[in-house]
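Dropping input_34.tsv in here (TSV, C-alpha atoms):
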chain	number	residue	atom	x	y	z
L	230	MET	CA	-28.51	24.70	11.99
L	231	ASN	CA	-28.15	22.48	8.92
L	232	THR	CA	-26.06	24.43	6.42
L	233	PRO	CA	-25.20	22.69	3.14
L	234	SER	CA	-21.70	23.31	1.84
L	235	THR	CA	-23.14	23.55	-1.67
L	236	THR	CA	-26.51	24.49	-3.13
L	237	PRO	CA	-28.82	21.45	-3.46
L	238	ALA	CA	-29.48	20.28	-7.00
L	239	PRO	CA	-32.93	20.91	-8.53
L	240	HIS	CA	-33.24	17.14	-8.99
L	241	LEU	CA	-31.29	14.35	-7.30
L	242	GLU	CA	-30.12	11.08	-8.83
L	243	ALA	CA	-28.56	9.66	-5.67
L	244	LEU	CA	-28.45	10.19	-1.91
L	245	ILE	CA	-25.27	9.16	-0.07
L	246	LEU	CA	-25.63	9.01	3.70
L	247	ASP	CA	-23.41	8.48	6.69
L	248	CYS	CA	-24.84	5.98	9.12
L	249	ASN	CA	-23.93	6.87	12.71
L	250	GLY	CA	-25.14	10.36	13.53
L	251	VAL	CA	-27.53	10.48	10.57
L	252	ILE	CA	-29.53	7.25	10.25
L	253	GLY	CA	-28.25	5.88	13.54
L	254	ARG	CA	-28.44	7.45	16.98
L	255	GLN	CA	-25.38	8.01	19.12
L	256	PRO	CA	-24.80	5.52	21.96
L	257	THR	CA	-26.17	6.41	25.37
L	258	PRO	CA	-23.94	6.88	28.45
L	259	HIS	CA	-25.28	3.55	29.73
L	260	MET	CA	-24.09	1.80	26.56
L	261	TRP	CA	-20.63	3.29	26.92
L	262	ALA	CA	-20.50	2.26	30.58
L	263	ARG	CA	-21.53	-1.29	29.69
L	264	LEU	CA	-18.83	-1.59	27.03
L	265	ALA	CA	-16.20	-0.09	29.33
L	266	ALA	CA	-17.12	-2.54	32.09
L	267	LEU	CA	-16.77	-5.46	29.67
L	268	ALA	CA	-13.29	-4.20	28.84
L	269	GLY	CA	-12.43	-4.15	32.55
L	270	TRP	CA	-12.51	-0.40	33.13
L	271	PRO	CA	-13.72	0.89	36.54
L	272	ALA	CA	-17.09	2.63	36.54
L	273	ASP	CA	-15.51	6.02	37.27
L	274	GLN	CA	-13.22	5.76	34.22
L	275	THR	CA	-15.80	5.43	31.44
L	276	THR	CA	-14.82	8.82	30.00
L	277	ASP	CA	-11.18	7.73	29.88
L	278	PHE	CA	-12.27	4.53	28.15
L	279	GLU	CA	-14.14	6.54	25.48
L	280	THR	CA	-11.03	8.64	24.86
L	281	ALA	CA	-8.89	5.53	24.47
L	282	PHE	CA	-11.55	3.91	22.27
L	283	TRP	CA	-11.58	6.80	19.77
L	284	ALA	CA	-7.80	7.14	19.81
L	285	ARG	CA	-7.57	3.58	18.42
L	286	ARG	CA	-10.66	3.55	16.22
L	287	ALA	CA	-9.49	4.96	12.86
L	288	PRO	CA	-7.23	2.01	11.90
L	289	TYR	CA	-9.97	-0.42	12.97
L	290	ASP	CA	-12.56	1.45	10.88
L	291	ALA	CA	-10.19	1.32	7.91
L	292	GLY	CA	-9.71	-2.43	8.21
L	293	GLU	CA	-6.03	-2.02	9.04
L	294	THR	CA	-6.28	-3.86	12.35
L	295	THR	CA	-8.28	-6.87	13.51
L	296	THR	CA	-11.01	-6.96	16.13
L	297	HIS	CA	-8.64	-8.90	18.39
L	298	ALA	CA	-5.87	-6.32	18.03
L	299	PHE	CA	-8.27	-3.41	18.55
L	300	TRP	CA	-9.55	-4.79	21.84
L	301	ARG	CA	-6.20	-6.11	23.02
L	302	GLY	CA	-5.04	-2.50	23.31
L	303	LEU	CA	-8.16	-1.42	25.19
L	304	LEU	CA	-8.48	-4.06	27.88
L	305	HIS	CA	-7.85	-2.72	31.36
L	306	GLY	CA	-5.64	-4.26	34.01
L	307	GLN	CA	-4.84	-7.94	33.59
L	308	LEU	CA	-7.92	-8.72	31.48
L	309	THR	CA	-7.35	-10.69	28.26
L	310	ALA	CA	-9.63	-11.65	25.38
L	311	PRO	CA	-7.90	-14.25	23.20
L	312	GLN	CA	-9.07	-15.14	19.72
L	313	GLY	CA	-12.22	-17.24	19.96
L	314	SER	CA	-12.94	-16.27	23.56
L	315	ALA	CA	-16.40	-15.49	24.88
L	316	LEU	CA	-15.16	-12.09	26.06
L	317	LEU	CA	-13.88	-11.07	22.62
L	318	ASP	CA	-17.20	-12.12	21.12
L	319	ALA	CA	-19.08	-10.08	23.74
L	320	LEU	CA	-16.93	-7.01	23.10
L	321	ARG	CA	-17.42	-7.29	19.35
L	322	THR	CA	-21.18	-7.80	19.66
L	323	THR	CA	-21.75	-5.08	22.25
L	324	ASP	CA	-19.71	-2.58	20.25
L	325	ALA	CA	-21.71	-3.30	17.08
L	326	GLU	CA	-25.06	-3.10	18.89
L	327	MET	CA	-24.22	0.39	20.21
L	328	TRP	CA	-24.40	1.85	16.70
L	329	THR	CA	-27.55	0.21	15.35
L	330	ARG	CA	-30.35	2.25	16.97
L	331	THR	CA	-32.06	4.24	14.23
L	332	ASP	CA	-33.67	7.68	14.19
L	333	GLU	CA	-37.17	6.79	13.06
L	334	THR	CA	-37.87	10.29	11.72
L	335	VAL	CA	-34.88	9.90	9.39
L	336	ILE	CA	-36.06	6.41	8.41
L	337	ARG	CA	-39.41	7.91	7.38
L	338	VAL	CA	-37.66	10.45	5.17
L	339	LEU	CA	-35.63	7.65	3.58
L	340	GLN	CA	-38.75	5.58	3.01
L	341	ALA	CA	-40.32	8.51	1.17
L	342	ALA	CA	-37.14	9.08	-0.84
L	343	HIS	CA	-36.88	5.39	-1.71
L	344	ALA	CA	-40.48	5.42	-2.93
L	345	THR	CA	-39.59	8.09	-5.50
L	346	GLY	CA	-36.94	5.81	-7.01
L	347	LEU	CA	-34.02	7.78	-5.60
L	348	ARG	CA	-30.92	5.60	-5.21
L	349	LEU	CA	-29.81	5.47	-1.56
L	350	ILE	CA	-26.19	4.63	-0.66
L	351	ILE	CA	-24.53	4.32	2.75
L	352	LEU	CA	-20.97	5.61	3.10
L	353	SER	CA	-19.75	5.00	6.63
L	354	ASN	CA	-16.51	4.74	8.58
L	355	THR	CA	-17.28	1.34	10.03
L	356	PRO	CA	-15.28	-1.74	11.09
L	357	HIS	CA	-16.07	-5.17	9.68
L	358	PRO	CA	-18.32	-6.48	12.53
L	359	LEU	CA	-20.54	-3.40	12.46
L	360	ALA	CA	-20.67	-3.41	8.66
L	361	ASP	CA	-21.98	-6.96	8.73
L	362	THR	CA	-24.53	-6.08	11.42
L	363	LEU	CA	-25.83	-3.05	9.52
L	364	ASP	CA	-26.19	-5.00	6.29
L	365	ARG	CA	-28.47	-7.46	8.10
L	366	ALA	CA	-30.76	-4.72	9.44
L	367	PRO	CA	-34.22	-4.86	7.79
L	368	TRP	CA	-34.27	-1.11	7.03
L	369	CYS	CA	-30.93	-1.43	5.25
L	370	SER	CA	-31.90	-4.39	3.08
L	371	ILE	CA	-35.15	-2.67	2.08
L	372	LEU	CA	-34.10	0.96	1.59
L	373	ILE	CA	-30.40	0.98	0.74
L	374	ALA	CA	-29.25	0.09	-2.78
L	375	LYS	CA	-25.56	-0.30	-1.88
L	376	THR	CA	-23.40	0.00	1.23
L	377	VAL	CA	-19.82	1.27	1.21
L	378	TYR	CA	-17.95	0.70	4.46
L	379	SER	CA	-14.44	1.92	5.23
L	380	ALA	CA	-13.20	-1.43	6.53
L	381	ARG	CA	-14.11	-3.14	3.25
L	382	LEU	CA	-12.75	-0.27	1.20
L	383	GLY	CA	-9.52	0.22	3.15
L	384	VAL	CA	-9.88	4.00	3.61
L	385	ASN	CA	-11.88	6.29	5.88
L	386	LYS	CA	-13.72	9.47	5.04
L	387	PRO	CA	-12.64	12.16	4.27
L	388	ASP	CA	-10.28	10.37	1.88
L	389	PRO	CA	-11.51	11.20	-1.67
L	390	ARG	CA	-11.43	7.49	-2.55
L	391	ALA	CA	-14.29	6.90	-0.13
L	392	TYR	CA	-16.57	9.31	-2.01
L	393	GLU	CA	-15.48	7.93	-5.36
L	394	ALA	CA	-16.40	4.43	-4.19
L	395	ALA	CA	-19.84	5.68	-3.11
L	396	LEU	CA	-20.39	7.37	-6.46
L	397	ALA	CA	-19.38	4.14	-8.20
L	398	ALA	CA	-21.87	2.22	-6.03
L	399	ALA	CA	-24.55	4.71	-7.09
L	400	GLY	CA	-23.77	4.10	-10.77
L	401	TRP	CA	-21.60	7.19	-11.27
L	402	PRO	CA	-24.31	9.88	-11.18
L	403	ASP	CA	-23.25	13.47	-11.80
L	404	PRO	CA	-21.86	14.69	-8.44
L	405	ALA	CA	-23.94	17.85	-8.91
L	406	THR	CA	-27.09	15.71	-8.73
L	407	THR	CA	-25.90	13.72	-5.72
L	408	LEU	CA	-26.54	14.74	-2.10
L	409	PHE	CA	-24.07	13.65	0.58
L	410	VAL	CA	-25.27	13.81	4.20
L	411	ASP	CA	-22.95	13.52	7.21
L	412	ASP	CA	-22.86	14.76	10.80
L	413	ARG	CA	-19.16	15.66	10.55
L	414	ARG	CA	-18.40	18.95	8.84
L	415	GLU	CA	-14.98	17.88	7.58
L	416	ASN	CA	-16.57	14.98	5.70
L	417	CYS	CA	-19.03	17.36	4.04
L	418	VAL	CA	-16.24	19.75	3.08
L	419	ALA	CA	-14.30	16.92	1.42
L	420	ALA	CA	-17.42	15.80	-0.49
L	421	ALA	CA	-18.12	19.35	-1.66
L	422	GLN	CA	-14.58	19.61	-3.01
L	423	LEU	CA	-15.48	16.71	-5.33
L	424	GLY	CA	-18.57	18.56	-6.55
L	425	LEU	CA	-21.23	16.80	-4.48
L	426	CYS	CA	-24.13	18.66	-2.93
L	427	THR	CA	-23.81	18.34	0.84
L	428	LEU	CA	-25.83	18.63	4.00
L	429	HIS	CA	-24.10	18.89	7.37
L	430	PHE	CA	-26.68	17.03	9.44
L	431	ASP	CA	-27.43	18.03	13.03
L	432	GLY	CA	-30.41	15.77	13.68
L	433	ASP	CA	-33.10	17.80	11.89
L	434	SER	CA	-34.87	15.27	9.69
L	435	GLN	CA	-37.11	17.97	8.20
L	436	ALA	CA	-34.01	19.71	6.85
L	437	LEU	CA	-33.03	16.42	5.23
L	438	ALA	CA	-36.45	16.15	3.60
L	439	THR	CA	-36.29	19.70	2.23
L	440	HIS	CA	-32.92	18.95	0.62
L	441	ILE	CA	-34.45	16.16	-1.45
L	442	PRO	CA	-36.34	17.98	-4.23
L	443	GLN	CA	-38.42	14.91	-5.08
L	444	LEU	CA	-40.08	15.06	-1.66
L	445	VAL	CA	-42.78	17.15	-0.17
L	446	PRO	CA	-42.10	17.79	3.55
L	447	VAL	CA	-42.53	14.55	5.46
L	448	ALA	CA	-45.25	14.70	8.10
L	449	GLY	CA	-44.00	14.00	11.61
L	450	ALA	CA	-40.34	14.81	10.88
L	451	ARG	CA	-38.56	16.47	13.78
L	452	ASN	CA	-38.03	20.24	13.65

In structure tokens, what does this structure look like?
Amino acid sequence: MNTPSTTPAPHLEALILDCNGVIGRQPTPHMWARLAALAGWPADQTTDFETAFWARRAPYDAGETTTHAFWRGLLHGQLTAPQGSALLDALRTTDAEMWTRTDETVIRVLQAAHATGLRLIILSNTPHPLADTLDRAPWCSILIAKTVYSARLGVNKPDPRAYEAALAAAGWPDPATTLFVDDRRENCVAAAQLGLCTLHFDGDSQALATHIPQLVPVAGARN
């Protein structure tokens, strides 16, 4: 159930959204298997690859390590992917593509919110290649006023500086009139501690719509 950490404001000035898990859908098992195979992992070790992937991801998201260094530590066996290699490019591209499928019911809510004049901001823990890919997405260029990505900022959520950067991108609205939406509870808790209204998102786009006072319920949103 979607339970906000704070009571929604009677009127919103800005909506700050995570990308993966809110706007974007999670990768499928097939996508993970494809990426693991590219990195040289046997088909029966995809779960182990995912564990290793996430164990190394935070510094990459924060821009503290390069794409080459990130993948160098994940390649299995004797596989190598030097700078400028076709394999490194394939790993970078495949990784970015895994996180770009959108939830169309959420997109419809954002379209309705955008039409009211509400300022939409993305705040996402995202490495440089994915940040560049998301910025080129048509929905992003049309609906999103500003994007704030951890790799460009140098810190990941739930660091308070991430939320402050998003508020700055939104033009410094009152946090009490700003809704932050994320699928990770700890990120919502950190935002609430800074005074933002929050929604811990579990995939229910109708709940998102009802937390935006400017909107009437959006037809076709998933219950």

Long-range neighbours of Pro389 (chain L) as a list in words, 12 Å cut-off, all atoms listed in the file, 2 positions minimum in chain: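 What passes the distance filter is Leu352, Ser379, Leu382, Val384, Asn385, Lys386, Pro387, Ala391, Tyr392, Glu393, Ala394, Ala395, Leu396, Glu415, Asn416, Cys417, Val418, Ala419, Ala420, Ala421, Gln422, Leu423, Gly424 and Leu425 of chain L.
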
CA of Leu408 (chain L) to CA of His429 (chain L), straight-line distance in Å: 10.6 Å

Fewer than 3 positions away in the same chain doesn't count, so skip those; otherwise give me all residues within 7 Å of region 308-321 of chain L, counting all atoms listed in the file, as a PyMOL selection string. chain L and resi 264+267+269+297+301+304-305+324-325+358

Find the distance between CA of Ala344 (chain L) and CA of Glu242 (chain L) and write it in Å to one decimal.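 Computing it gives 13.2 Å between the two atoms.
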
Name the closest residue to Leu246 (chain L) among the candidates L:Phe409, L:Trp270, L:Phe430, L:Tyr289; distances are taken between atoms, counting only C-alpha atoms. L:Phe409

Please list as number ranges by chain every residue within 9 Å of Thr376 (chain L), counting all atoms listed in the file and excluding residues in the same chain fewer than 3 positions away. L: 349-353, 360, 364, 369, 373, 395, 398
